[in-house]
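J.: As input, take input08.cif (mmCIF, C-alpha atoms):
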```
data_work
loop_
_atom_site.group_PDB
_atom_site.id
_atom_site.type_symbol
_atom_site.label_atom_id
_atom_site.label_comp_id
_atom_site.auth_asym_id
_atom_site.auth_seq_id
_atom_site.Cartn_x
_atom_site.Cartn_y
_atom_site.Cartn_z
ATOM 1 C CA MET A 1 -15.875 11.058 -37.785
ATOM 2 C CA THR A 2 -17.744 8.151 -39.385
ATOM 3 C CA THR A 3 -17.727 6.326 -36.028
ATOM 4 C CA ILE A 4 -19.274 9.337 -34.272
ATOM 5 C CA LYS A 5 -21.989 9.564 -36.928
ATOM 6 C CA LEU A 6 -22.791 5.879 -36.467
ATOM 7 C CA LEU A 7 -22.998 6.271 -32.688
ATOM 8 C CA LEU A 8 -25.307 9.280 -33.046
ATOM 9 C CA LYS A 9 -27.685 7.032 -34.992
ATOM 10 C CA SER A 10 -27.882 4.525 -32.129
ATOM 11 C CA PRO A 11 -30.853 5.287 -29.804
ATOM 12 C CA LYS A 12 -29.455 3.024 -27.078
ATOM 13 C CA PHE A 13 -26.068 4.749 -27.078
ATOM 14 C CA LEU A 14 -27.658 8.217 -27.030
ATOM 15 C CA ILE A 15 -29.994 7.328 -24.146
ATOM 16 C CA GLY A 16 -27.170 5.824 -22.089
ATOM 17 C CA PHE A 17 -24.778 8.655 -22.904
ATOM 18 C CA GLY A 18 -27.397 11.287 -22.037
ATOM 19 C CA ILE A 19 -28.184 9.724 -18.646
ATOM 20 C CA PHE A 20 -24.519 9.290 -17.750
ATOM 21 C CA ILE A 21 -23.536 12.843 -18.753
ATOM 22 C CA PHE A 22 -26.446 14.267 -16.749
ATOM 23 C CA LEU A 23 -25.374 12.306 -13.657
ATOM 24 C CA LEU A 24 -21.717 13.183 -14.233
ATOM 25 C CA LEU A 25 -22.385 16.925 -14.513
ATOM 26 C CA THR A 26 -24.677 16.867 -11.476
ATOM 27 C CA ALA A 27 -22.068 15.018 -9.417
ATOM 28 C CA PHE A 28 -19.274 17.471 -10.235
ATOM 29 C CA ILE A 29 -21.067 20.800 -10.621
ATOM 30 C CA TYR A 30 -23.224 20.727 -7.469
ATOM 31 C CA PRO A 31 -20.327 20.162 -5.002
ATOM 32 C CA ALA A 32 -18.377 22.914 -6.774
ATOM 33 C CA VAL A 33 -21.108 25.551 -6.318
ATOM 34 C CA SER A 34 -22.554 24.381 -2.987
ATOM 35 C CA THR A 35 -21.023 25.073 0.413
ATOM 36 C CA LYS A 36 -22.910 22.240 2.124
ATOM 37 C CA ASP A 37 -20.786 19.534 3.698
ATOM 38 C CA PRO A 38 -22.141 15.967 3.486
ATOM 39 C CA PHE A 39 -20.877 15.283 7.026
ATOM 40 C CA ASP A 40 -22.745 18.211 8.632
ATOM 41 C CA MET A 41 -25.402 17.049 11.110
ATOM 42 C CA VAL A 42 -28.223 19.416 10.222
ATOM 43 C CA GLY A 43 -31.264 17.591 11.623
ATOM 44 C CA PHE A 44 -32.483 14.681 13.688
ATOM 45 C CA MET A 45 -32.183 10.968 12.944
ATOM 46 C CA TYR A 46 -34.248 9.792 9.954
ATOM 47 C CA GLU A 47 -36.305 12.904 9.328
ATOM 48 C CA SER A 48 -38.613 12.247 6.390
ATOM 49 C CA PRO A 49 -38.284 14.200 3.108
ATOM 50 C CA SER A 50 -39.540 17.773 3.305
ATOM 51 C CA SER A 51 -38.990 21.210 1.808
ATOM 52 C CA THR A 52 -36.037 21.596 4.178
ATOM 53 C CA PHE A 53 -34.474 18.219 3.380
ATOM 54 C CA LEU A 54 -35.444 17.015 -0.093
ATOM 55 C CA LEU A 55 -34.482 13.416 0.667
ATOM 56 C CA GLY A 56 -34.715 13.555 4.436
ATOM 57 C CA THR A 57 -31.876 12.872 6.854
ATOM 58 C CA ASP A 58 -29.871 9.742 7.601
ATOM 59 C CA ASN A 59 -29.080 7.988 10.875
ATOM 60 C CA PHE A 60 -26.648 10.785 11.835
ATOM 61 C CA GLY A 61 -29.079 13.597 10.981
ATOM 62 C CA ARG A 62 -27.183 14.477 7.792
ATOM 63 C CA ASP A 63 -28.860 15.713 4.609
ATOM 64 C CA VAL A 64 -29.319 12.642 2.368
ATOM 65 C CA PHE A 65 -29.561 14.754 -0.806
ATOM 66 C CA VAL A 66 -26.174 16.379 -0.168
ATOM 67 C CA GLU A 67 -24.700 12.989 0.704
ATOM 68 C CA LEU A 68 -26.168 11.490 -2.466
ATOM 69 C CA ILE A 69 -24.547 14.047 -4.778
ATOM 70 C CA HIS A 70 -21.156 13.807 -3.074
ATOM 71 C CA GLY A 71 -21.452 10.023 -2.929
ATOM 72 C CA MET A 72 -22.240 9.893 -6.632
ATOM 73 C CA LYS A 73 -19.134 11.943 -7.367
ATOM 74 C CA SER A 74 -16.950 9.641 -5.238
ATOM 75 C CA SER A 75 -18.331 6.472 -6.844
ATOM 76 C CA ILE A 76 -17.868 7.826 -10.368
ATOM 77 C CA ILE A 77 -14.274 8.859 -9.592
ATOM 78 C CA ILE A 78 -13.534 5.389 -8.205
ATOM 79 C CA GLY A 79 -15.145 3.831 -11.267
ATOM 80 C CA LEU A 80 -13.148 5.968 -13.709
ATOM 81 C CA ILE A 81 -9.825 5.364 -11.933
ATOM 82 C CA SER A 82 -10.475 1.635 -11.765
ATOM 83 C CA GLY A 83 -11.683 1.532 -15.376
ATOM 84 C CA ILE A 84 -8.559 3.268 -16.669
ATOM 85 C CA ILE A 85 -6.180 1.043 -14.680
ATOM 86 C CA ALA A 86 -7.975 -2.221 -15.498
ATOM 87 C CA THR A 87 -8.252 -1.340 -19.186
ATOM 88 C CA VAL A 88 -4.597 -0.281 -19.494
ATOM 89 C CA ILE A 89 -3.351 -3.447 -17.755
ATOM 90 C CA GLY A 90 -5.754 -5.651 -19.675
ATOM 91 C CA ILE A 91 -5.002 -4.297 -23.154
ATOM 92 C CA THR A 92 -1.237 -4.220 -22.497
ATOM 93 C CA ILE A 93 -1.105 -7.868 -21.455
ATOM 94 C CA GLY A 94 -3.667 -8.936 -24.049
ATOM 95 C CA LEU A 95 -1.971 -7.180 -26.963
ATOM 96 C CA PHE A 96 1.536 -8.420 -26.169
ATOM 97 C CA ALA A 97 0.334 -11.975 -25.463
ATOM 98 C CA GLY A 98 -1.701 -12.164 -28.650
ATOM 99 C CA TYR A 99 0.876 -10.580 -30.923
ATOM 100 C CA LYS A 100 4.037 -12.224 -29.598
ATOM 101 C CA GLY A 101 2.610 -15.725 -29.101
ATOM 102 C CA GLY A 102 4.886 -18.574 -28.021
ATOM 103 C CA MET A 103 6.561 -18.352 -24.622
ATOM 104 C CA VAL A 104 5.463 -14.745 -24.011
ATOM 105 C CA ASP A 105 1.852 -15.715 -24.651
ATOM 106 C CA ASN A 106 2.123 -18.749 -22.366
ATOM 107 C CA ILE A 107 3.592 -16.742 -19.483
ATOM 108 C CA LEU A 108 1.133 -13.838 -19.749
ATOM 109 C CA ASN A 109 -1.785 -16.195 -20.269
ATOM 110 C CA SER A 110 -0.777 -18.186 -17.181
ATOM 111 C CA ILE A 111 -0.667 -15.012 -15.085
ATOM 112 C CA THR A 112 -4.111 -14.055 -16.384
ATOM 113 C CA ASN A 113 -5.506 -17.506 -15.605
ATOM 114 C CA ILE A 114 -4.208 -17.329 -12.029
ATOM 115 C CA PHE A 115 -6.131 -14.100 -11.473
ATOM 116 C CA LEU A 116 -9.207 -15.598 -13.155
ATOM 117 C CA VAL A 117 -9.175 -18.704 -10.953
ATOM 118 C CA ILE A 118 -9.183 -16.667 -7.740
ATOM 119 C CA PRO A 119 -12.487 -14.732 -7.428
ATOM 120 C CA PRO A 120 -11.634 -11.002 -7.717
ATOM 121 C CA PHE A 121 -14.034 -10.124 -4.892
ATOM 122 C CA VAL A 122 -12.057 -12.360 -2.527
ATOM 123 C CA ILE A 123 -8.803 -10.629 -3.520
ATOM 124 C CA LEU A 124 -10.537 -7.289 -3.106
ATOM 125 C CA ILE A 125 -11.656 -8.146 0.435
ATOM 126 C CA LEU A 126 -8.201 -9.411 1.442
ATOM 127 C CA VAL A 127 -6.475 -6.296 0.085
ATOM 128 C CA THR A 128 -8.913 -3.789 1.610
ATOM 129 C CA VAL A 129 -8.847 -5.532 5.010
ATOM 130 C CA SER A 130 -5.068 -5.059 5.149
ATOM 131 C CA MET A 131 -5.375 -1.293 4.596
ATOM 132 C CA SER A 132 -5.701 1.096 7.514
ATOM 133 C CA SER A 133 -6.909 3.953 5.307
ATOM 134 C CA ARG A 134 -8.713 3.754 1.975
ATOM 135 C CA SER A 135 -8.894 6.897 -0.170
ATOM 136 C CA LEU A 136 -10.709 7.271 -3.501
ATOM 137 C CA VAL A 137 -7.467 6.757 -5.416
ATOM 138 C CA THR A 138 -6.540 3.716 -3.319
ATOM 139 C CA MET A 139 -9.952 2.126 -3.857
ATOM 140 C CA GLY A 140 -9.726 2.822 -7.581
ATOM 141 C CA LEU A 141 -6.260 1.253 -7.727
ATOM 142 C CA VAL A 142 -7.330 -1.863 -5.826
ATOM 143 C CA LEU A 143 -10.456 -2.336 -7.935
ATOM 144 C CA GLY A 144 -8.522 -1.780 -11.165
ATOM 145 C CA ILE A 145 -5.723 -4.183 -10.265
ATOM 146 C CA THR A 146 -8.216 -6.951 -9.410
ATOM 147 C CA SER A 147 -10.530 -6.612 -12.430
ATOM 148 C CA TRP A 148 -8.302 -6.603 -15.536
ATOM 149 C CA PRO A 149 -8.086 -10.356 -16.440
ATOM 150 C CA TRP A 150 -11.244 -10.696 -18.527
ATOM 151 C CA THR A 151 -10.244 -7.645 -20.570
ATOM 152 C CA ALA A 152 -6.803 -9.175 -21.147
ATOM 153 C CA ARG A 153 -8.356 -12.455 -22.338
ATOM 154 C CA ALA A 154 -10.722 -10.706 -24.728
ATOM 155 C CA VAL A 155 -8.041 -8.380 -26.144
ATOM 156 C CA ARG A 156 -5.660 -11.326 -26.540
ATOM 157 C CA ALA A 157 -8.260 -13.096 -28.688
ATOM 158 C CA GLN A 158 -8.648 -9.998 -30.852
ATOM 159 C CA SER A 159 -4.870 -9.608 -31.157
ATOM 160 C CA LEU A 160 -4.412 -13.273 -32.135
ATOM 161 C CA SER A 161 -6.851 -12.840 -35.005
ATOM 162 C CA LEU A 162 -4.875 -9.842 -36.314
ATOM 163 C CA ARG A 163 -1.266 -11.039 -35.952
ATOM 164 C CA LYS A 164 -1.232 -12.832 -39.345
ATOM 165 C CA ARG A 165 -2.567 -9.899 -41.340
ATOM 166 C CA GLU A 166 -0.528 -8.798 -44.356
ATOM 167 C CA HIS A 167 -0.096 -5.212 -43.175
ATOM 168 C CA LEU A 168 1.678 -6.530 -40.068
ATOM 169 C CA ASP A 169 4.094 -8.509 -42.244
ATOM 170 C CA ILE A 170 4.812 -5.363 -44.259
ATOM 171 C CA ALA A 171 5.465 -3.407 -41.053
ATOM 172 C CA ARG A 172 7.911 -6.095 -39.876
ATOM 173 C CA LEU A 173 9.751 -6.014 -43.208
ATOM 174 C CA ASN A 174 10.028 -2.236 -42.881
ATOM 175 C CA GLY A 175 11.818 -2.700 -39.564
ATOM 176 C CA ALA A 176 9.013 -1.593 -37.242
ATOM 177 C CA SER A 177 9.489 -2.579 -33.591
ATOM 178 C CA THR A 178 7.015 -4.692 -31.635
ATOM 179 C CA PHE A 179 5.768 -1.592 -29.797
ATOM 180 C CA GLU A 180 5.238 0.317 -33.059
ATOM 181 C CA ILE A 181 3.375 -2.578 -34.653
ATOM 182 C CA ILE A 182 1.080 -2.968 -31.649
ATOM 183 C CA ILE A 183 0.337 0.755 -31.402
ATOM 184 C CA LYS A 184 0.082 1.604 -35.109
ATOM 185 C CA GLU A 185 -1.053 -1.618 -36.762
ATOM 186 C CA ILE A 186 -3.142 -3.511 -34.191
ATOM 187 C CA MET A 187 -4.673 -1.008 -31.781
ATOM 188 C CA PRO A 188 -6.564 1.024 -34.435
ATOM 189 C CA TYR A 189 -8.515 -2.120 -35.318
ATOM 190 C CA ILE A 190 -9.691 -2.742 -31.753
ATOM 191 C CA LEU A 191 -10.105 0.808 -30.414
ATOM 192 C CA SER A 192 -13.889 0.493 -30.405
ATOM 193 C CA TYR A 193 -13.634 -2.743 -28.441
ATOM 194 C CA ILE A 194 -11.183 -1.165 -25.987
ATOM 195 C CA PHE A 195 -13.603 1.693 -25.319
ATOM 196 C CA MET A 196 -16.435 -0.787 -24.787
ATOM 197 C CA ALA A 197 -14.246 -2.726 -22.337
ATOM 198 C CA PHE A 198 -13.476 0.522 -20.484
ATOM 199 C CA ILE A 199 -17.190 1.313 -20.123
ATOM 200 C CA LEU A 200 -17.875 -2.126 -18.668
ATOM 201 C CA GLN A 201 -14.894 -1.811 -16.315
ATOM 202 C CA VAL A 202 -16.250 1.490 -14.950
ATOM 203 C CA ALA A 203 -19.688 -0.048 -14.350
ATOM 204 C CA THR A 204 -18.156 -3.128 -12.700
ATOM 205 C CA ALA A 205 -15.990 -0.976 -10.414
ATOM 206 C CA ILE A 206 -18.966 1.094 -9.227
ATOM 207 C CA LEU A 207 -20.899 -2.075 -8.402
ATOM 208 C CA SER A 208 -17.847 -3.629 -6.704
ATOM 209 C CA GLU A 209 -17.297 -0.493 -4.600
ATOM 210 C CA ALA A 210 -20.912 -0.659 -3.456
ATOM 211 C CA GLY A 211 -20.519 -4.331 -2.553
ATOM 212 C CA ILE A 212 -17.255 -3.909 -0.675
ATOM 213 C CA SER A 213 -18.551 -0.809 1.135
ATOM 214 C CA MET A 214 -21.619 -2.679 2.381
ATOM 215 C CA LEU A 215 -19.176 -5.041 4.091
ATOM 216 C CA GLY A 216 -17.661 -2.052 5.889
ATOM 217 C CA LEU A 217 -14.512 -2.041 3.746
ATOM 218 C CA GLY A 218 -15.232 0.991 1.581
ATOM 219 C CA PRO A 219 -13.462 4.368 1.387
ATOM 220 C CA SER A 220 -12.436 5.903 4.708
ATOM 221 C CA ASN A 221 -13.835 9.302 5.770
ATOM 222 C CA ILE A 222 -15.500 9.730 2.370
ATOM 223 C CA VAL A 223 -19.124 9.525 1.331
ATOM 224 C CA SER A 224 -19.816 7.152 -1.556
ATOM 225 C CA LEU A 225 -22.988 5.463 -2.743
ATOM 226 C CA GLY A 226 -21.701 2.230 -1.230
ATOM 227 C CA THR A 227 -21.017 3.776 2.183
ATOM 228 C CA MET A 228 -24.522 5.286 2.190
ATOM 229 C CA LEU A 229 -25.966 1.800 1.721
ATOM 230 C CA SER A 230 -23.625 0.491 4.400
ATOM 231 C CA TRP A 231 -24.819 3.091 6.924
ATOM 232 C CA ALA A 232 -28.464 2.371 6.041
ATOM 233 C CA LEU A 233 -27.873 -1.343 6.567
ATOM 234 C CA LEU A 234 -25.900 -0.898 9.779
ATOM 235 C CA PHE A 235 -28.423 1.438 11.412
ATOM 236 C CA GLU A 236 -31.477 -0.566 10.272
ATOM 237 C CA SER A 237 -33.147 2.064 8.113
ATOM 238 C CA VAL A 238 -35.316 -0.650 6.528
ATOM 239 C CA ARG A 239 -36.782 -1.665 9.897
ATOM 240 C CA SER A 240 -37.225 2.009 10.778
ATOM 241 C CA GLY A 241 -39.138 2.630 7.549
ATOM 242 C CA ALA A 242 -36.605 5.263 6.461
ATOM 243 C CA TRP A 243 -36.694 4.297 2.765
ATOM 244 C CA TRP A 244 -35.034 7.584 1.800
ATOM 245 C CA ALA A 245 -31.767 6.418 3.410
ATOM 246 C CA PHE A 246 -31.232 3.455 1.075
ATOM 247 C CA ILE A 247 -33.485 3.747 -1.998
ATOM 248 C CA PRO A 248 -31.897 6.947 -3.479
ATOM 249 C CA PRO A 249 -28.294 5.591 -3.502
ATOM 250 C CA ALA A 250 -29.536 2.230 -4.823
ATOM 251 C CA VAL A 251 -31.465 3.974 -7.616
ATOM 252 C CA VAL A 252 -28.463 6.152 -8.549
ATOM 253 C CA ILE A 253 -26.167 3.097 -8.683
ATOM 254 C CA ALA A 254 -28.739 1.395 -10.919
ATOM 255 C CA LEU A 255 -28.989 4.479 -13.166
ATOM 256 C CA ILE A 256 -25.215 4.835 -13.553
ATOM 257 C CA THR A 257 -24.658 1.169 -14.357
ATOM 258 C CA PHE A 258 -27.743 1.053 -16.612
ATOM 259 C CA SER A 259 -26.524 4.056 -18.601
ATOM 260 C CA LEU A 260 -23.073 2.512 -19.043
ATOM 261 C CA TYR A 261 -24.397 -0.916 -20.013
ATOM 262 C CA ILE A 262 -26.881 0.498 -22.513
ATOM 263 C CA MET A 263 -24.092 2.642 -24.006
ATOM 264 C CA ASN A 264 -22.045 -0.523 -24.395
ATOM 265 C CA THR A 265 -24.994 -2.344 -25.999
ATOM 266 C CA GLY A 266 -25.474 0.503 -28.469
ATOM 267 C CA MET A 267 -21.787 0.457 -29.385
ATOM 268 C CA ASP A 268 -21.839 -3.322 -29.743
ATOM 269 C CA GLU A 269 -24.729 -3.080 -32.199
ATOM 270 C CA ILE A 270 -22.779 -0.513 -34.224
ATOM 271 C CA PHE A 271 -19.364 -2.210 -34.270
ATOM 272 C CA ASN A 272 -20.381 -5.883 -34.263
ATOM 273 C CA PRO A 273 -21.054 -6.862 -37.919
ATOM 274 C CA LYS A 274 -23.335 -9.762 -36.923
ATOM 275 C CA LEU A 275 -25.543 -7.546 -34.739
ATOM 276 C CA ARG A 276 -25.427 -4.697 -37.253
ATOM 277 C CA SER A 277 -26.675 -6.926 -40.052
#
```
Show this structure as structure tokens.
T.:
Amino acid sequence: MTTIKLLLKSPKFLIGFGIFIFLLLTAFIYPAVSTKDPFDMVGFMYESPSSTFLLGTDNFGRDVFVELIHGMKSSIIIGLISGIIATVIGITIGLFAGYKGGMVDNILNSITNIFLVIPPFVILILVTVSMSSRSLVTMGLVLGITSWPWTARAVRAQSLSLRKREHLDIARLNGASTFEIIIKEIMPYILSYIFMAFILQVATAILSEAGISMLGLGPSNIVSLGTMLSWALLFESVRSGAWWAFIPPAVVIALITFSLYIMNTGMDEIFNPKLRS
């Protein structure tokens, strides 16, 4: 309750949270109440914005506004799936490595370093190229599996600083298992950091999906913000002057990531004693 009160006093967190919730509700409510299909060809190629088409049409004559809302929903879903997977993997490896130390720490840290040495975007390209079909869940899984190492390193550092605390020694003397100590004695101290890491993972996944989609390796048969940019690039909307085909998805990606990053900054100012002081 105290944490919530502190967050409500942070202007940055409230601004970021408000923007993200607005975008989230728009992305999920509109497709639920609208019967419009983003793949319906309802006009001609690159019709400019009008009362009929609020954001014009794309290279296939499809309504850009409808595509934008559905694409926003797809990108957010991919980001959330990836964020959950990357955060779970990262905190699991980081907590066990930091708490156990010794050989366990060396092995887990070596695995983490291997993933850190190889650029995640390269792994992402290699994995997506090998797939014949890429659904939202598949893209989320791939992005999550390739983006956990920095979370693991950060959580490991936090866990190392806590492993010598007296309350952990008391828990060991009382016969608590390693799992119980990690869940009950260590995790409560870093929950705020874990949530911050999750927010950053979601933002990173949305940006990564946009990047990989612009290379033609995005979700198959699904509209996302990245695939909208890919189509605009492929069919030369910039040269055609059809700004409405690429600026709206770029702006929405910027808004989503901005809202998440500013939420993270607000939380950091609340939970980081040095910044708070």
J.: Any chance you could resolve the PyMOL selection byres ((chain A and resi 128) around 10) against this file and give the residues as a PyMOL selection string?
T.: chain A and resi 123-127+129-134+138-139+142-143+212+216-219
J.: Under the rule that all atoms listed in the file are counted, which of A:Thr112, A:Ser135, A:Thr151, A:Asn59 is the nearest residue to Leu200 of chain A?
T.: A:Thr151
J.: Using only C-alpha atoms, which of A:Gly16, A:Gly175, A:Gly98, A:Gly140 sits nearest Ile77 of chain A?
T.: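 When distances to Ile77 of chain A are compared using only C-alpha atoms, the smallest one comes from A:Gly140.
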J.: Could you tell me how far atom CA of Phe271 of chain A lies from atom CA of Ile15 of chain A, in Å and to one decimal?
T.: 17.5 Å
J.: Which residues, protein or nucleic acid, reach to within 10 Å of (-36.0, 23.9, 9.6) in the file's coordinates when using only C-alpha atoms, and can you give that as a ChimeraX atom specification?
T.: /A:42-43,50-53
J.: Between A:Ile114, A:Phe121, A:Ile181, A:Met196, which has the minimum distance to Ser213 of chain A (counting all atoms listed in the file)?
T.: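 Once distances to Ser213 of chain A are computed over all atoms listed in the file, the minimum belongs to A:Phe121.
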J.: Write out as CSV the residues of segment 63-108 of chain A that have any atom within 10 Å of an atom of segment 248-269 of chain A, one row each with the nearest atom pair and its distance in Å to one decimal, counting all atoms listed in the file, sorted by chain and then rising number.
T.:
```
residue,atom,partner,partner_atom,distance
A:Val64,CA,A:Pro248,CA,8.6
A:Phe65,CA,A:Pro248,CA,8.6
A:Glu67,CA,A:Pro249,CA,9.2
A:Leu68,CA,A:Pro249,CA,6.4
A:Ile69,CA,A:Pro249,CA,9.3
A:Gly71,CA,A:Pro249,CA,8.2
A:Met72,CA,A:Val252,CA,7.5
A:Ser75,CA,A:Ile253,CA,8.7
A:Ile76,CA,A:Ile256,CA,8.5
```
J.: Which one of A:Ala176, A:Ala197, A:Ile84, A:Leu234 sits closest to Leu215 of chain A if you count all atoms listed in the file?
T.: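 Among the listed residues, the smallest separation from Leu215 of chain A belongs to A:Leu234.
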J.: For a test of reading the model, state the distance in Å between atom CA of Ser208 of chain A and atom CA of Lys73 of chain A, rounded to one decimal.
T.: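 Distance reported for this atom pair: 15.6 Å.
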J.: Output the residue selection produced by the PyMOL selection byres ((chain A and resi 191) around 12) on the file above, formatted as a list in words.
T.: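 So the PyMOL selection byres ((chain A and resi 191) around 12) ends up selecting Thr3, Thr87, Ile91, Leu95, Val155, Gln158, Ser159, Ile182, Ile183, Lys184, Glu185, Ile186, Met187, Pro188, Tyr189, Ile190, Ser192, Tyr193, Ile194, Phe195, Met196, Ala197, Phe198, Met267 and Phe271 of chain A.
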J.: Compute the distance from (-6.1, -15.3, -21.3) to each atom, counting all atoms listed in the file, keep the residues with any atom at most 10 Å away, and return them as a list of chain:residue names; use the coordinates of the file.
T.: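 The answer, in the requested form, is A:Gly90, A:Ile93, A:Gly94, A:Ala97, A:Gly98, A:Asp105, A:Asn106, A:Ile107, A:Leu108, A:Asn109, A:Ser110, A:Ile111, A:Thr112, A:Asn113, A:Ile114, A:Phe115, A:Leu116, A:Pro149, A:Trp150, A:Thr151, A:Ala152, A:Arg153, A:Ala154, A:Val155, A:Arg156, A:Ala157.
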J.: Under the rule that only C-alpha atoms are counted, which of A:Ile78, A:Met103, A:Ala205, A:Leu7 is the nearest residue to Leu136 of chain A?
T.: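 Going through A:Ile78, A:Met103, A:Ala205, A:Leu7 one by one, the smallest distance to Leu136 of chain A is for A:Ile78.
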J.: Would you mind reading off the distance between atom CA of Gly226 of chain A and atom CA of Ala86 of chain A, one decimal, in Å?
T.: 20.3 Å
J.: Out of A:Leu55, A:Val66, A:Ile81, A:Leu160, which residue has the shortest atom-to-atom distance to Lys100 of chain A when counting only C-alpha atoms?
T.: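 Answer, going by the shortest atom-to-atom distance: A:Leu160.
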